[in-house]
Amino acid sequence: MAFFSGGKGGGEAVDYGYKGKGVTTHLLVDAFGQPLRVTSTGASGEERRQVAPLLGKISSWLKPLISQGITPILEADKGYDAEWLRLELLAHKIFPYIPYRQFGTPKEEKSIRVLEKYRWKVERGISWLQRKYRRVVIRWERRVKYWEGFLGLGILVYWMRQLVVCGFC
């Protein structure tokens, strides 16, 4: 039996989502697309419920900004559109920059999508993590702590490389 035994067909926190059985990786990045925090849930989980735990992990970074009068902005795609989420973010003094879902809008009517200009930075962070670390593309581990350990290790190595490149700024 290997320490990281393969989890063929399942493991902890593996659920059935709309695309099938699996897990969802949630990544919080800064304005430059650099990863800050990562977590994973079962595929059937609601992504909007993961915003508060991810922001809670960086609350020590946000408090000095808020005390200086700087309002942090959370940009997300329209999948995160929920009134309760907007109110929760505003209660924590974070501005929600989330487009509203438009139900029943004809396809010919094109609206200006400002947020889509910046969405690529988040996608770049996810693809960077998957390109550099093949092990995080598909979850092979049965235990969640091993899986999240690999995700955290990927972010740690990313930031170590950034510090080496900029010469410990």
# chains A, B, ... in the order shown; residues from 1 in each chain; ligands from 1
>>> residues_around(residues="segment 152-169 of chain A", least_positions_apart="2", cutoff="12 Å", atoms="only C-alpha atoms", output="JSON, numbers by chain")
{"A": [25, 26, 27, 28, 29, 33, 34, 35, 36, 37, 38, 39, 40, 125, 126, 127, 128, 129, 130, 131, 132, 133, 134, 135, 136, 137, 145, 146, 147, 148, 149, 150]}
>>> atom_distance(atom1="atom CA of Arg143 of chain A", atom2="atom CA of Gly17 of chain A")
18.9 Å
>>> residues_around(residues="segment 61-77 of chain A", least_positions_apart="6", cutoff="7 Å", atoms="only C-alpha atoms", output="ChimeraX atom specification")
/A:93-99
>>> select_by_dssp(residues="segment 47-117 of chain A", states="helix (DSSP H, G or I)", output="number ranges by chain")
A: 47-57, 59-67, 78-80, 83-91, 116-117
>>> write_last_selection(atoms="C-alpha atoms", output="short mmCIF file (atom, residue, chain, number, x, y, z; two decimals), in the first residue's frame")
data_model
loop_
_atom_site.label_atom_id
_atom_site.label_comp_id
_atom_site.auth_asym_id
_atom_site.auth_seq_id
_atom_site.Cartn_x
_atom_site.Cartn_y
_atom_site.Cartn_z
CA GLU A 47 -19.56 27.74 -5.54
CA ARG A 48 -21.08 30.86 -4.01
CA ARG A 49 -20.83 29.30 -0.55
CA GLN A 50 -17.02 29.12 -0.88
CA VAL A 51 -16.46 32.88 -1.17
CA ALA A 52 -16.78 33.61 2.56
CA PRO A 53 -14.37 30.85 3.71
CA LEU A 54 -11.75 31.91 1.15
CA LEU A 55 -12.05 35.57 2.16
CA GLY A 56 -11.91 34.54 5.82
CA LYS A 57 -8.50 33.00 5.18
CA SER A 59 -9.00 38.60 6.43
CA SER A 60 -5.71 39.50 8.15
CA TRP A 61 -4.57 40.99 4.83
CA LEU A 62 -7.82 42.86 4.25
CA LYS A 63 -8.13 44.53 7.68
CA PRO A 64 -5.17 46.95 7.19
CA LEU A 65 -6.57 48.00 3.81
CA ILE A 66 -10.00 48.70 5.23
CA SER A 67 -8.55 50.61 8.19
CA LYS A 78 -21.98 35.94 -13.11
CA GLY A 79 -22.14 32.45 -11.64
CA TYR A 80 -21.59 34.13 -8.27
CA GLU A 83 -28.19 39.01 -3.45
CA TRP A 84 -27.22 37.37 -0.14
CA LEU A 85 -23.59 37.16 -1.27
CA ARG A 86 -23.55 40.84 -2.25
CA LEU A 87 -24.99 41.83 1.14
CA GLU A 88 -22.50 39.63 2.99
CA LEU A 89 -19.57 41.16 1.13
CA LEU A 90 -20.83 44.69 1.78
CA ALA A 91 -21.20 43.85 5.48
CA GLU A 116 -14.83 39.61 -19.05
CA LYS A 117 -11.73 41.71 -19.76
#
>>> select_by_dssp(residues="segment 43-117 of chain A", states="strand (DSSP E)", output="number ranges by chain")
A: 73-75, 95-97
>>> write_last_selection(atoms="C-alpha atoms", output="PDB file, in the first residue's frame")
ATOM      1  CA  ILE A  73     -13.041  44.825  -4.602  1.00  0.00           C
ATOM      2  CA  LEU A  74     -14.116  41.239  -5.243  1.00  0.00           C
ATOM      3  CA  GLU A  75     -14.478  40.523  -8.951  1.00  0.00           C
ATOM      4  CA  PHE A  95     -17.256  45.846  -2.805  1.00  0.00           C
ATOM      5  CA  PRO A  96     -18.844  43.067  -4.918  1.00  0.00           C
ATOM      6  CA  TYR A  97     -18.067  43.613  -8.599  1.00  0.00           C
TER       7      TYR A  97
END
